[in-house]
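Below: one structure, written as structure tokens.
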Amino acid sequence: MNHPFNLQADLALIKAANLYRQRQVLDSPQGIEIESDGKCYVNFSSNDYLGLSNHPEITKAFRQATDQYGVGSGAAHLVCGHSAAHHALEEELADWLGRERALLFSTGYMANLGVISALLNTTDSAVFEDRLNHASLLDGGLLSGARFQRFQHSHCNDLKRRLEKSAAQRKLIVTDGVFSMDGDVALLKELAVLAQQHHAWLMIDDAHGIGVSGAKGQGSVQVAGLNQSQVPVLMATLGKAIGTFGAFVAGSEELIEYLIQRARTYIYTTAMPAAIAEATRVSLRLVQEESWRRDKLVDLVTRFQQGLTQLGIEPMDSLTPIQPILLGESQRAVQISDVLKQHGFWVTAIRPPTVAKGTARLRVTFSSAHENEHIDRLLDALDQLL
Ligand SMILES: *Cc1c(COP(=O)(O)O)cnc(C)c1O
């Protein structure tokens, strides 16, 4: 008889479908050149878009802060874990984004679970999510117990139909600002109009837009010209372009006070180390001041897209540093990723269920630390392989 926990059989199925995942151990810091198992690779897979994850000023701030605050934060924010460093970072985030307040979370995943499930309930709520939303947003919607609806990707009419039909009192529209596996930007202005017309709230997860777009890196919401009343809930992560760790939600005084009372993933978890907050404060200054990093990303992306077109490969509909190459079957994506690795390029294959079936891809991402020469070498390798 099959034991109910026959994991071996499940693992075999995952392998047979080419969906088995394995971690590779890095021996170097994060950067455009990484080392693993004695070999060096040019890295095209990180979300460290601004090349700040190992920046000397940020690592120095981190070291100094551990001298001041130690390593562990010791408790949750509401117990005795909320330091002056956390508090200052929250104020600086709110200033930067033109919002009344900001609230730190230990990770983006937890922020999304906590916020959506705090705002919605099982009796009078509905959540409307783009099909391509990040897993943490989908899980937050499911956890909330609200009526759960997924609309077609960036399809405002589909969303509109669903909003019109909904009898829920509380309606929350939730979307990635920049879609993490496709790199396209949500139709934020249109979504804001729909939200207003249907007395819904709009929540944007700008994990891949923050730092990368906007005059001072304020992200997709600022680029779309939307304010706090149009986008009441702005969430973003600190572990990507900002180069550190954690996440935050920014919005009205009321929203933040409400989350402090009700977001379980905020209340019942240990605060991020204060030294992370101090390091992030320095990063935030660099993100605002060093706009050359954003300009350089635009140049790199343009060069890559022109190169792809010359190779007869259609670039995807993305102007962000996420430049996926669609391959279709998982097996093909894994094969090409493996061969690229033999050539010294680290380009992770992304497979279902992270993306839809039949849309496996290489997720190529750029960092402002890349140089033209890196791009040209990758294009040469792709030319040989595809
Ligand atoms: C990475 C990511 C998250 C999760 O953030 P973590 O801090 O890594 O937990 C949430 N939303 C999106 C869109 C992301 O890309």
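Ordering of the structure tokens sets the chain letters (A, B, ...), residue numbers begin anew at 1 in every chain, and ligands are numbered from 1 in the order given.
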
Kindly work out which residues sit at most 10 Å from ligand 1, using only C-alpha atoms and all ligand atoms, and give the list as an mmCIF file with all heavy atoms, in the first residue's frame.
```cif
data_model
loop_
_atom_site.group_PDB
_atom_site.id
_atom_site.type_symbol
_atom_site.label_atom_id
_atom_site.label_comp_id
_atom_site.auth_asym_id
_atom_site.auth_seq_id
_atom_site.Cartn_x
_atom_site.Cartn_y
_atom_site.Cartn_z
ATOM 1 N N ASN A 47 18.098 40.114 -9.036
ATOM 2 C CA ASN A 47 17.193 41.272 -8.988
ATOM 3 C C ASN A 47 17.902 42.500 -8.407
ATOM 4 O O ASN A 47 17.261 43.477 -8.035
ATOM 5 C CB ASN A 47 15.982 40.963 -8.121
ATOM 6 C CG ASN A 47 15.194 39.785 -8.636
ATOM 7 O OD1 ASN A 47 14.911 39.700 -9.831
ATOM 8 N ND2 ASN A 47 14.863 38.849 -7.760
ATOM 9 N N PHE A 105 8.171 45.577 6.896
ATOM 10 C CA PHE A 105 7.872 44.153 7.092
ATOM 11 C C PHE A 105 9.176 43.381 6.902
ATOM 12 O O PHE A 105 10.084 43.847 6.232
ATOM 13 C CB PHE A 105 6.835 43.653 6.083
ATOM 14 C CG PHE A 105 5.421 44.037 6.416
ATOM 15 C CD1 PHE A 105 4.955 45.325 6.176
ATOM 16 C CD2 PHE A 105 4.542 43.114 6.963
ATOM 17 C CE1 PHE A 105 3.649 45.677 6.468
ATOM 18 C CE2 PHE A 105 3.229 43.456 7.260
ATOM 19 C CZ PHE A 105 2.778 44.741 7.023
ATOM 20 N N SER A 106 9.216 42.170 7.475
ATOM 21 C CA SER A 106 10.468 41.413 7.392
ATOM 22 C C SER A 106 10.747 40.893 5.992
ATOM 23 O O SER A 106 11.896 40.782 5.591
ATOM 24 C CB SER A 106 10.461 40.264 8.389
ATOM 25 O OG SER A 106 10.454 40.818 9.696
ATOM 26 N N THR A 107 9.705 40.542 5.239
ATOM 27 C CA THR A 107 9.893 40.193 3.822
ATOM 28 C C THR A 107 8.684 40.678 3.029
ATOM 29 O O THR A 107 7.616 40.946 3.595
ATOM 30 C CB THR A 107 10.019 38.662 3.572
ATOM 31 O OG1 THR A 107 8.739 38.058 3.791
ATOM 32 C CG2 THR A 107 11.070 38.013 4.460
ATOM 33 N N GLY A 108 8.858 40.709 1.723
ATOM 34 C CA GLY A 108 7.765 41.098 0.841
ATOM 35 C C GLY A 108 6.634 40.077 0.882
ATOM 36 O O GLY A 108 5.457 40.434 0.807
ATOM 37 N N TYR A 109 7.022 38.819 0.970
ATOM 38 C CA TYR A 109 5.999 37.767 1.032
ATOM 39 C C TYR A 109 5.086 38.008 2.234
ATOM 40 O O TYR A 109 3.854 37.958 2.147
ATOM 41 C CB TYR A 109 6.686 36.397 1.154
ATOM 42 C CG TYR A 109 5.907 35.290 0.492
ATOM 43 C CD1 TYR A 109 6.451 34.557 -0.553
ATOM 44 C CD2 TYR A 109 4.619 34.977 0.914
ATOM 45 C CE1 TYR A 109 5.741 33.539 -1.166
ATOM 46 C CE2 TYR A 109 3.901 33.965 0.298
ATOM 47 C CZ TYR A 109 4.457 33.251 -0.734
ATOM 48 O OH TYR A 109 3.747 32.249 -1.338
ATOM 49 N N MET A 110 5.703 38.319 3.362
ATOM 50 C CA MET A 110 4.917 38.538 4.574
ATOM 51 C C MET A 110 4.091 39.813 4.486
ATOM 52 O O MET A 110 2.966 39.870 4.984
ATOM 53 C CB MET A 110 5.844 38.581 5.779
ATOM 54 C CG MET A 110 6.464 37.226 6.045
ATOM 55 S SD MET A 110 7.720 37.306 7.287
ATOM 56 C CE MET A 110 6.743 37.742 8.697
ATOM 57 N N ALA A 111 4.651 40.835 3.858
ATOM 58 C CA ALA A 111 3.893 42.087 3.707
ATOM 59 C C ALA A 111 2.607 41.806 2.935
ATOM 60 O O ALA A 111 1.516 42.207 3.346
ATOM 61 C CB ALA A 111 4.737 43.139 2.987
ATOM 62 N N ASN A 112 2.733 41.085 1.824
ATOM 63 C CA ASN A 112 1.551 40.851 1.001
ATOM 64 C C ASN A 112 0.519 39.977 1.706
ATOM 65 O O ASN A 112 -0.678 40.255 1.653
ATOM 66 C CB ASN A 112 1.964 40.237 -0.341
ATOM 67 C CG ASN A 112 2.578 41.297 -1.248
ATOM 68 O OD1 ASN A 112 2.325 42.485 -1.074
ATOM 69 N ND2 ASN A 112 3.390 40.867 -2.192
ATOM 70 N N LEU A 113 0.980 38.929 2.375
ATOM 71 C CA LEU A 113 0.035 38.098 3.133
ATOM 72 C C LEU A 113 -0.667 38.942 4.189
ATOM 73 O O LEU A 113 -1.887 38.876 4.362
ATOM 74 C CB LEU A 113 0.767 36.949 3.845
ATOM 75 C CG LEU A 113 1.391 35.841 3.008
ATOM 76 C CD1 LEU A 113 1.933 34.748 3.929
ATOM 77 C CD2 LEU A 113 0.381 35.243 2.047
ATOM 78 N N LEU A 132 -1.131 37.270 -13.599
ATOM 79 C CA LEU A 132 0.321 37.096 -13.514
ATOM 80 C C LEU A 132 0.909 37.660 -12.220
ATOM 81 O O LEU A 132 2.118 37.799 -12.095
ATOM 82 C CB LEU A 132 1.014 37.740 -14.729
ATOM 83 C CG LEU A 132 0.675 37.130 -16.089
ATOM 84 C CD1 LEU A 132 1.617 37.677 -17.169
ATOM 85 C CD2 LEU A 132 0.753 35.606 -16.067
ATOM 86 N N ASN A 133 0.046 37.965 -11.262
ATOM 87 C CA ASN A 133 0.556 38.487 -9.993
ATOM 88 C C ASN A 133 1.533 37.520 -9.327
ATOM 89 O O ASN A 133 1.411 36.306 -9.460
ATOM 90 C CB ASN A 133 -0.603 38.747 -9.021
ATOM 91 C CG ASN A 133 -1.205 40.126 -9.207
ATOM 92 O OD1 ASN A 133 -0.732 40.901 -10.028
ATOM 93 N ND2 ASN A 133 -2.241 40.422 -8.452
ATOM 94 N N HIS A 134 2.434 38.083 -8.550
ATOM 95 C CA HIS A 134 3.390 37.297 -7.760
ATOM 96 C C HIS A 134 2.653 36.350 -6.802
ATOM 97 O O HIS A 134 1.579 36.690 -6.283
ATOM 98 C CB HIS A 134 4.271 38.263 -6.961
ATOM 99 C CG HIS A 134 5.416 37.595 -6.270
ATOM 100 N ND1 HIS A 134 5.367 37.211 -4.955
ATOM 101 C CD2 HIS A 134 6.644 37.234 -6.722
ATOM 102 C CE1 HIS A 134 6.523 36.659 -4.613
ATOM 103 N NE2 HIS A 134 7.319 36.663 -5.676
ATOM 104 N N ALA A 135 3.265 35.198 -6.570
ATOM 105 C CA ALA A 135 2.655 34.172 -5.716
ATOM 106 C C ALA A 135 2.210 34.728 -4.363
ATOM 107 O O ALA A 135 1.159 34.342 -3.831
ATOM 108 C CB ALA A 135 3.649 33.031 -5.510
ATOM 109 N N SER A 136 2.973 35.647 -3.808
ATOM 110 C CA SER A 136 2.641 36.148 -2.466
ATOM 111 C C SER A 136 1.345 36.969 -2.484
ATOM 112 O O SER A 136 0.609 36.991 -1.495
ATOM 113 C CB SER A 136 3.790 36.992 -1.914
ATOM 114 O OG SER A 136 4.086 38.071 -2.779
ATOM 115 N N LEU A 137 1.067 37.632 -3.604
ATOM 116 C CA LEU A 137 -0.193 38.383 -3.713
ATOM 117 C C LEU A 137 -1.365 37.425 -3.855
ATOM 118 O O LEU A 137 -2.431 37.617 -3.250
ATOM 119 C CB LEU A 137 -0.148 39.318 -4.929
ATOM 120 C CG LEU A 137 0.857 40.461 -4.869
ATOM 121 C CD1 LEU A 137 0.933 41.176 -6.215
ATOM 122 C CD2 LEU A 137 0.482 41.449 -3.771
ATOM 123 N N LEU A 138 -1.159 36.380 -4.650
ATOM 124 C CA LEU A 138 -2.227 35.385 -4.815
ATOM 125 C C LEU A 138 -2.485 34.698 -3.479
ATOM 126 O O LEU A 138 -3.626 34.549 -3.050
ATOM 127 C CB LEU A 138 -1.828 34.368 -5.887
ATOM 128 C CG LEU A 138 -1.576 34.979 -7.283
ATOM 129 C CD1 LEU A 138 -1.017 33.938 -8.242
ATOM 130 C CD2 LEU A 138 -2.854 35.587 -7.858
ATOM 131 N N THR A 175 -2.265 44.325 -7.989
ATOM 132 C CA THR A 175 -1.426 44.003 -9.141
ATOM 133 C C THR A 175 0.049 44.256 -8.858
ATOM 134 O O THR A 175 0.400 45.111 -8.042
ATOM 135 C CB THR A 175 -1.854 44.832 -10.383
ATOM 136 O OG1 THR A 175 -1.040 44.447 -11.502
ATOM 137 C CG2 THR A 175 -1.675 46.320 -10.155
ATOM 138 N N ASP A 176 0.899 43.495 -9.535
ATOM 139 C CA ASP A 176 2.316 43.858 -9.612
ATOM 140 C C ASP A 176 2.397 45.200 -10.351
ATOM 141 O O ASP A 176 1.622 45.426 -11.289
ATOM 142 C CB ASP A 176 3.091 42.839 -10.470
ATOM 143 C CG ASP A 176 3.428 41.521 -9.763
ATOM 144 O OD1 ASP A 176 2.708 41.139 -8.835
ATOM 145 O OD2 ASP A 176 4.411 40.886 -10.183
ATOM 146 N N GLY A 177 3.318 46.066 -9.987
ATOM 147 C CA GLY A 177 3.572 47.276 -10.771
ATOM 148 C C GLY A 177 4.322 46.898 -12.040
ATOM 149 O O GLY A 177 3.921 47.228 -13.157
ATOM 150 N N VAL A 178 5.426 46.186 -11.868
ATOM 151 C CA VAL A 178 6.187 45.593 -12.977
ATOM 152 C C VAL A 178 6.082 44.084 -12.784
ATOM 153 O O VAL A 178 6.380 43.582 -11.697
ATOM 154 C CB VAL A 178 7.665 46.015 -12.920
ATOM 155 C CG1 VAL A 178 8.479 45.273 -13.977
ATOM 156 C CG2 VAL A 178 7.798 47.527 -13.103
ATOM 157 N N PHE A 179 5.635 43.371 -13.801
ATOM 158 C CA PHE A 179 5.418 41.926 -13.643
ATOM 159 C C PHE A 179 6.757 41.194 -13.606
ATOM 160 O O PHE A 179 7.592 41.369 -14.487
ATOM 161 C CB PHE A 179 4.480 41.411 -14.729
ATOM 162 C CG PHE A 179 3.077 41.881 -14.479
ATOM 163 C CD1 PHE A 179 2.629 43.075 -15.021
ATOM 164 C CD2 PHE A 179 2.235 41.180 -13.633
ATOM 165 C CE1 PHE A 179 1.354 43.547 -14.741
ATOM 166 C CE2 PHE A 179 0.959 41.643 -13.351
ATOM 167 C CZ PHE A 179 0.513 42.825 -13.899
ATOM 168 N N SER A 180 6.905 40.378 -12.561
ATOM 169 C CA SER A 180 8.238 39.894 -12.205
ATOM 170 C C SER A 180 8.839 38.953 -13.230
ATOM 171 O O SER A 180 10.057 38.901 -13.369
ATOM 172 C CB SER A 180 8.197 39.222 -10.834
ATOM 173 O OG SER A 180 7.193 38.237 -10.788
ATOM 174 N N MET A 181 8.035 38.196 -13.936
ATOM 175 C CA MET A 181 8.578 37.221 -14.882
ATOM 176 C C MET A 181 8.454 37.678 -16.335
ATOM 177 O O MET A 181 8.974 37.049 -17.240
ATOM 178 C CB MET A 181 7.878 35.864 -14.716
ATOM 179 C CG MET A 181 8.094 35.250 -13.351
ATOM 180 S SD MET A 181 9.837 34.960 -13.023
ATOM 181 C CE MET A 181 9.976 35.575 -11.339
ATOM 182 N N ILE A 204 -0.707 48.252 -5.178
ATOM 183 C CA ILE A 204 0.373 47.967 -6.126
ATOM 184 C C ILE A 204 1.566 47.381 -5.385
ATOM 185 O O ILE A 204 2.046 47.957 -4.407
ATOM 186 C CB ILE A 204 0.850 49.259 -6.837
ATOM 187 C CG1 ILE A 204 -0.313 50.059 -7.423
ATOM 188 C CG2 ILE A 204 1.905 48.930 -7.905
ATOM 189 C CD1 ILE A 204 -0.968 49.472 -8.609
ATOM 190 N N ASP A 205 2.044 46.250 -5.897
ATOM 191 C CA ASP A 205 3.292 45.650 -5.422
ATOM 192 C C ASP A 205 4.371 46.054 -6.422
ATOM 193 O O ASP A 205 4.413 45.548 -7.544
ATOM 194 C CB ASP A 205 3.118 44.129 -5.368
ATOM 195 C CG ASP A 205 4.419 43.382 -5.083
ATOM 196 O OD1 ASP A 205 5.505 43.981 -5.233
ATOM 197 O OD2 ASP A 205 4.346 42.190 -4.740
ATOM 198 N N ASP A 206 5.228 46.977 -6.016
ATOM 199 C CA ASP A 206 6.220 47.519 -6.952
ATOM 200 C C ASP A 206 7.621 46.960 -6.692
ATOM 201 O O ASP A 206 8.624 47.660 -6.854
ATOM 202 C CB ASP A 206 6.217 49.051 -6.890
ATOM 203 C CG ASP A 206 6.650 49.671 -8.210
ATOM 204 O OD1 ASP A 206 6.570 48.986 -9.255
ATOM 205 O OD2 ASP A 206 7.084 50.845 -8.209
ATOM 206 N N ALA A 207 7.668 45.680 -6.357
ATOM 207 C CA ALA A 207 8.954 45.029 -6.044
ATOM 208 C C ALA A 207 10.002 45.247 -7.143
ATOM 209 O O ALA A 207 11.190 45.401 -6.854
ATOM 210 C CB ALA A 207 8.737 43.534 -5.820
ATOM 211 N N HIS A 208 9.555 45.260 -8.410
ATOM 212 C CA HIS A 208 10.518 45.371 -9.511
ATOM 213 C C HIS A 208 10.546 46.761 -10.140
ATOM 214 O O HIS A 208 11.279 46.985 -11.102
ATOM 215 C CB HIS A 208 10.228 44.313 -10.580
ATOM 216 C CG HIS A 208 10.341 42.924 -10.036
ATOM 217 N ND1 HIS A 208 11.529 42.243 -9.994
ATOM 218 C CD2 HIS A 208 9.421 42.114 -9.465
ATOM 219 C CE1 HIS A 208 11.331 41.058 -9.436
ATOM 220 N NE2 HIS A 208 10.057 40.959 -9.100
ATOM 221 N N GLY A 209 9.754 47.677 -9.605
ATOM 222 C CA GLY A 209 9.767 49.037 -10.148
ATOM 223 C C GLY A 209 10.501 49.994 -9.223
ATOM 224 O O GLY A 209 11.137 50.956 -9.661
ATOM 225 N N MET A 235 3.103 48.792 -1.918
ATOM 226 C CA MET A 235 4.020 47.873 -1.255
ATOM 227 C C MET A 235 5.246 47.734 -2.142
ATOM 228 O O MET A 235 5.141 47.788 -3.374
ATOM 229 C CB MET A 235 3.317 46.522 -1.059
ATOM 230 C CG MET A 235 4.183 45.402 -0.551
ATOM 231 S SD MET A 235 4.995 44.581 -1.943
ATOM 232 C CE MET A 235 5.974 43.378 -1.077
ATOM 233 N N ALA A 236 6.417 47.599 -1.531
ATOM 234 C CA ALA A 236 7.626 47.306 -2.329
ATOM 235 C C ALA A 236 8.623 46.568 -1.448
ATOM 236 O O ALA A 236 8.498 46.553 -0.219
ATOM 237 C CB ALA A 236 8.224 48.573 -2.906
ATOM 238 N N THR A 237 9.588 45.953 -2.104
ATOM 239 C CA THR A 237 10.571 45.178 -1.359
ATOM 240 C C THR A 237 11.910 45.917 -1.314
ATOM 241 O O THR A 237 12.183 46.786 -2.133
ATOM 242 C CB THR A 237 10.771 43.780 -1.980
ATOM 243 O OG1 THR A 237 11.315 43.933 -3.282
ATOM 244 C CG2 THR A 237 9.462 43.034 -2.074
ATOM 245 N N LEU A 238 12.711 45.552 -0.349
ATOM 246 C CA LEU A 238 14.029 46.178 -0.184
ATOM 247 C C LEU A 238 15.145 45.256 -0.671
ATOM 248 O O LEU A 238 16.304 45.659 -0.749
ATOM 249 C CB LEU A 238 14.246 46.518 1.294
ATOM 250 C CG LEU A 238 13.186 47.445 1.905
ATOM 251 C CD1 LEU A 238 13.363 47.563 3.421
ATOM 252 C CD2 LEU A 238 13.244 48.827 1.255
ATOM 253 N N GLY A 239 14.815 44.018 -0.999
ATOM 254 C CA GLY A 239 15.830 43.023 -1.352
ATOM 255 C C GLY A 239 16.196 42.992 -2.827
ATOM 256 O O GLY A 239 17.030 42.197 -3.233
ATOM 257 N N LYS A 240 15.574 43.825 -3.626
ATOM 258 C CA LYS A 240 15.858 43.819 -5.067
ATOM 259 C C LYS A 240 16.716 45.037 -5.402
ATOM 260 O O LYS A 240 17.867 45.091 -4.987
ATOM 261 C CB LYS A 240 14.555 43.689 -5.829
ATOM 262 C CG LYS A 240 13.985 42.283 -5.567
ATOM 263 C CD LYS A 240 12.629 41.988 -6.090
ATOM 264 C CE LYS A 240 12.324 40.520 -5.812
ATOM 265 N NZ LYS A 240 10.957 40.268 -5.408
ATOM 266 N N THR A 244 19.126 45.451 -0.151
ATOM 267 C CA THR A 244 19.285 44.961 1.221
ATOM 268 C C THR A 244 18.308 43.808 1.493
ATOM 269 O O THR A 244 18.443 42.754 0.877
ATOM 270 C CB THR A 244 19.151 46.091 2.256
ATOM 271 O OG1 THR A 244 17.853 46.670 2.181
ATOM 272 C CG2 THR A 244 20.207 47.161 2.018
ATOM 273 N N PHE A 245 17.323 44.014 2.325
ATOM 274 C CA PHE A 245 16.428 42.916 2.691
ATOM 275 C C PHE A 245 15.183 43.473 3.370
ATOM 276 O O PHE A 245 15.268 44.443 4.113
ATOM 277 C CB PHE A 245 17.154 41.978 3.672
ATOM 278 C CG PHE A 245 16.425 40.688 3.920
ATOM 279 C CD1 PHE A 245 16.475 39.662 2.994
ATOM 280 C CD2 PHE A 245 15.671 40.504 5.070
ATOM 281 C CE1 PHE A 245 15.796 38.467 3.209
ATOM 282 C CE2 PHE A 245 14.992 39.310 5.288
ATOM 283 C CZ PHE A 245 15.055 38.288 4.356
ATOM 284 N N GLY A 246 14.057 42.828 3.128
ATOM 285 C CA GLY A 246 12.831 43.264 3.793
ATOM 286 C C GLY A 246 11.879 43.919 2.822
ATOM 287 O O GLY A 246 12.052 43.832 1.595
ATOM 288 N N ALA A 247 10.876 44.582 3.370
ATOM 289 C CA ALA A 247 9.846 45.187 2.531
ATOM 290 C C ALA A 247 9.121 46.256 3.338
ATOM 291 O O ALA A 247 9.351 46.400 4.545
ATOM 292 C CB ALA A 247 8.858 44.132 2.064
ATOM 293 N N PHE A 248 8.258 47.012 2.639
ATOM 294 C CA PHE A 248 7.472 48.019 3.361
ATOM 295 C C PHE A 248 6.151 48.245 2.646
ATOM 296 O O PHE A 248 5.989 47.896 1.470
ATOM 297 C CB PHE A 248 8.237 49.343 3.461
ATOM 298 C CG PHE A 248 8.457 50.008 2.125
ATOM 299 C CD1 PHE A 248 7.525 50.908 1.615
ATOM 300 C CD2 PHE A 248 9.570 49.721 1.362
ATOM 301 C CE1 PHE A 248 7.713 51.503 0.374
ATOM 302 C CE2 PHE A 248 9.772 50.313 0.118
ATOM 303 C CZ PHE A 248 8.840 51.199 -0.372
#
```

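If you count only C-alpha atoms and ignore residues fewer than 6 places along the chain from Asp182 in chain A, what sits within 10 Å of it is Leu132, Met316, Asp317, Ser318, Thr320, Ile322, Gln323, Pro324, Ile325, Leu326, Val355, Arg361 and Arg363 of chain A.
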
Give me every strand (DSSP E or B) residue in range 157-301 of chain A, going by DSSP on the backbone, as number ranges by chain. A: 170-176, 178, 185, 201-205, 233-237, 247-251, 270

Residues near Lys216 in chain A, anyone? I mean within 10 Å using only C-alpha atoms, not counting same-chain ones fewer than 2 positions away, as a compact mmCIF listing (two decimals) with all heavy atoms, in the first residue's frame.
```
# COMPACT_ATOMS: atom_id res chain seq x y z
N TRP A 96 10.28 59.98 0.78
CA TRP A 96 10.73 59.69 -0.58
C TRP A 96 9.53 59.47 -1.52
O TRP A 96 9.52 59.93 -2.65
CB TRP A 96 11.61 58.43 -0.51
CG TRP A 96 12.15 57.88 -1.78
CD1 TRP A 96 12.73 58.57 -2.81
CD2 TRP A 96 12.22 56.50 -2.15
NE1 TRP A 96 13.17 57.70 -3.78
CE2 TRP A 96 12.86 56.43 -3.40
CE3 TRP A 96 11.83 55.31 -1.53
CZ2 TRP A 96 13.11 55.21 -4.05
CZ3 TRP A 96 12.08 54.11 -2.17
CH2 TRP A 96 12.70 54.06 -3.42
N LEU A 97 8.51 58.77 -1.02
CA LEU A 97 7.40 58.37 -1.87
C LEU A 97 6.21 59.33 -1.77
O LEU A 97 5.19 59.11 -2.40
CB LEU A 97 6.96 56.94 -1.50
CG LEU A 97 8.08 55.93 -1.74
CD1 LEU A 97 7.72 54.57 -1.16
CD2 LEU A 97 8.38 55.80 -3.23
N ILE A 210 10.43 49.71 -7.93
CA ILE A 210 11.02 50.62 -6.95
C ILE A 210 12.53 50.71 -7.18
O ILE A 210 13.19 49.70 -7.43
CB ILE A 210 10.67 50.16 -5.50
CG1 ILE A 210 10.71 51.33 -4.55
CG2 ILE A 210 11.55 49.04 -5.02
CD1 ILE A 210 9.48 52.18 -4.56
N GLY A 211 13.05 51.92 -7.16
CA GLY A 211 14.49 52.11 -7.39
C GLY A 211 14.86 52.17 -8.85
O GLY A 211 15.81 52.85 -9.23
N VAL A 212 14.08 51.47 -9.69
CA VAL A 212 14.47 51.29 -11.09
C VAL A 212 13.88 52.37 -11.99
O VAL A 212 14.48 52.79 -12.97
CB VAL A 212 14.02 49.89 -11.58
CG1 VAL A 212 14.28 49.72 -13.06
CG2 VAL A 212 14.73 48.80 -10.78
N SER A 213 12.65 52.82 -11.68
CA SER A 213 12.04 53.85 -12.51
C SER A 213 11.67 55.05 -11.64
O SER A 213 11.69 54.96 -10.41
CB SER A 213 10.81 53.30 -13.24
OG SER A 213 9.85 52.87 -12.32
N GLY A 214 11.35 56.16 -12.30
CA GLY A 214 11.05 57.39 -11.56
C GLY A 214 12.31 58.23 -11.42
O GLY A 214 13.42 57.69 -11.34
N GLN A 218 11.43 56.39 -7.44
CA GLN A 218 10.22 56.15 -6.65
C GLN A 218 9.31 55.09 -7.26
O GLN A 218 8.30 54.73 -6.67
CB GLN A 218 9.42 57.44 -6.44
CG GLN A 218 10.19 58.55 -5.77
CD GLN A 218 10.70 59.53 -6.81
OE1 GLN A 218 11.19 59.14 -7.86
NE2 GLN A 218 10.61 60.81 -6.52
N GLY A 219 9.63 54.63 -8.47
CA GLY A 219 8.94 53.48 -9.00
C GLY A 219 7.77 53.77 -9.92
O GLY A 219 7.51 54.91 -10.29
N GLN A 222 4.87 56.43 -9.17
CA GLN A 222 5.24 57.82 -9.41
C GLN A 222 5.30 58.11 -10.91
O GLN A 222 4.84 59.15 -11.37
CB GLN A 222 6.59 58.12 -8.75
CG GLN A 222 6.89 59.60 -8.64
CD GLN A 222 8.02 60.06 -9.54
OE1 GLN A 222 8.61 59.28 -10.27
NE2 GLN A 222 8.30 61.34 -9.47
N LEU A 284 19.07 53.96 0.32
CA LEU A 284 18.00 54.85 -0.14
C LEU A 284 18.56 56.19 -0.62
O LEU A 284 18.10 56.77 -1.61
CB LEU A 284 17.05 55.08 1.03
CG LEU A 284 15.62 55.44 0.70
CD1 LEU A 284 15.02 54.40 -0.21
CD2 LEU A 284 14.82 55.53 2.00
N ARG A 285 19.59 56.68 0.07
CA ARG A 285 20.23 57.92 -0.36
C ARG A 285 20.90 57.72 -1.72
O ARG A 285 20.72 58.52 -2.64
CB ARG A 285 21.26 58.36 0.70
CG ARG A 285 22.00 59.62 0.32
CD ARG A 285 22.86 60.18 1.45
NE ARG A 285 23.86 59.25 1.97
CZ ARG A 285 24.96 58.87 1.31
NH1 ARG A 285 25.19 59.33 0.09
NH2 ARG A 285 25.81 58.03 1.87
N LEU A 286 21.63 56.61 -1.87
CA LEU A 286 22.29 56.34 -3.15
C LEU A 286 21.27 56.18 -4.28
O LEU A 286 21.47 56.67 -5.40
CB LEU A 286 23.16 55.08 -3.05
CG LEU A 286 24.35 55.19 -2.08
CD1 LEU A 286 25.04 53.83 -1.92
CD2 LEU A 286 25.34 56.23 -2.57
N VAL A 287 20.18 55.48 -3.99
CA VAL A 287 19.15 55.27 -5.01
C VAL A 287 18.64 56.61 -5.53
O VAL A 287 18.43 56.81 -6.72
CB VAL A 287 17.98 54.43 -4.43
CG1 VAL A 287 16.76 54.48 -5.34
CG2 VAL A 287 18.42 52.99 -4.21
N GLN A 288 18.45 57.57 -4.61
CA GLN A 288 17.92 58.86 -5.03
C GLN A 288 18.95 59.69 -5.76
O GLN A 288 18.66 60.34 -6.77
CB GLN A 288 17.41 59.62 -3.80
CG GLN A 288 16.22 58.94 -3.16
CD GLN A 288 15.74 59.65 -1.90
OE1 GLN A 288 15.18 60.74 -1.98
NE2 GLN A 288 15.97 59.05 -0.76
N GLU A 289 20.19 59.69 -5.25
CA GLU A 289 21.22 60.57 -5.81
C GLU A 289 21.80 60.06 -7.13
O GLU A 289 22.11 60.85 -8.01
CB GLU A 289 22.37 60.71 -4.80
CG GLU A 289 22.03 61.57 -3.62
CD GLU A 289 23.14 61.56 -2.55
OE1 GLU A 289 24.19 60.91 -2.77
OE2 GLU A 289 22.92 62.19 -1.51
N GLU A 290 21.96 58.76 -7.23
CA GLU A 290 22.75 58.23 -8.35
C GLU A 290 21.83 57.80 -9.50
O GLU A 290 21.71 56.60 -9.80
CB GLU A 290 23.65 57.10 -7.87
CG GLU A 290 24.61 57.61 -6.79
CD GLU A 290 25.74 56.65 -6.45
OE1 GLU A 290 25.73 55.49 -6.90
OE2 GLU A 290 26.64 57.10 -5.71
N SER A 291 21.24 58.79 -10.15
CA SER A 291 20.30 58.44 -11.22
C SER A 291 21.04 57.85 -12.42
O SER A 291 20.42 57.24 -13.30
CB SER A 291 19.46 59.64 -11.62
OG SER A 291 20.29 60.72 -11.89
N ARG A 294 20.04 54.31 -13.13
CA ARG A 294 18.82 54.08 -13.91
C ARG A 294 19.05 54.36 -15.39
O ARG A 294 18.60 53.61 -16.26
CB ARG A 294 17.68 54.96 -13.38
CG ARG A 294 17.08 54.45 -12.08
CD ARG A 294 15.98 55.34 -11.54
NE ARG A 294 16.49 56.57 -10.93
CZ ARG A 294 16.98 56.62 -9.68
NH1 ARG A 294 17.02 55.54 -8.95
NH2 ARG A 294 17.43 57.77 -9.20
```

Within 12 Å of Asp299 in chain A, counting only C-alpha atoms, which residues qualify if same-chain residues fewer than 3 places away don't, as a PyMOL selection string? chain A and resi 292-296+302-306+319-321+366-368+370-372+375

DSSP helix (DSSP H, G or I) selection over range 147-306 of chain A, as a PyMOL selection string: chain A and resi 156-165+188-197+220-223+253-262+264-267+274-289+292-306
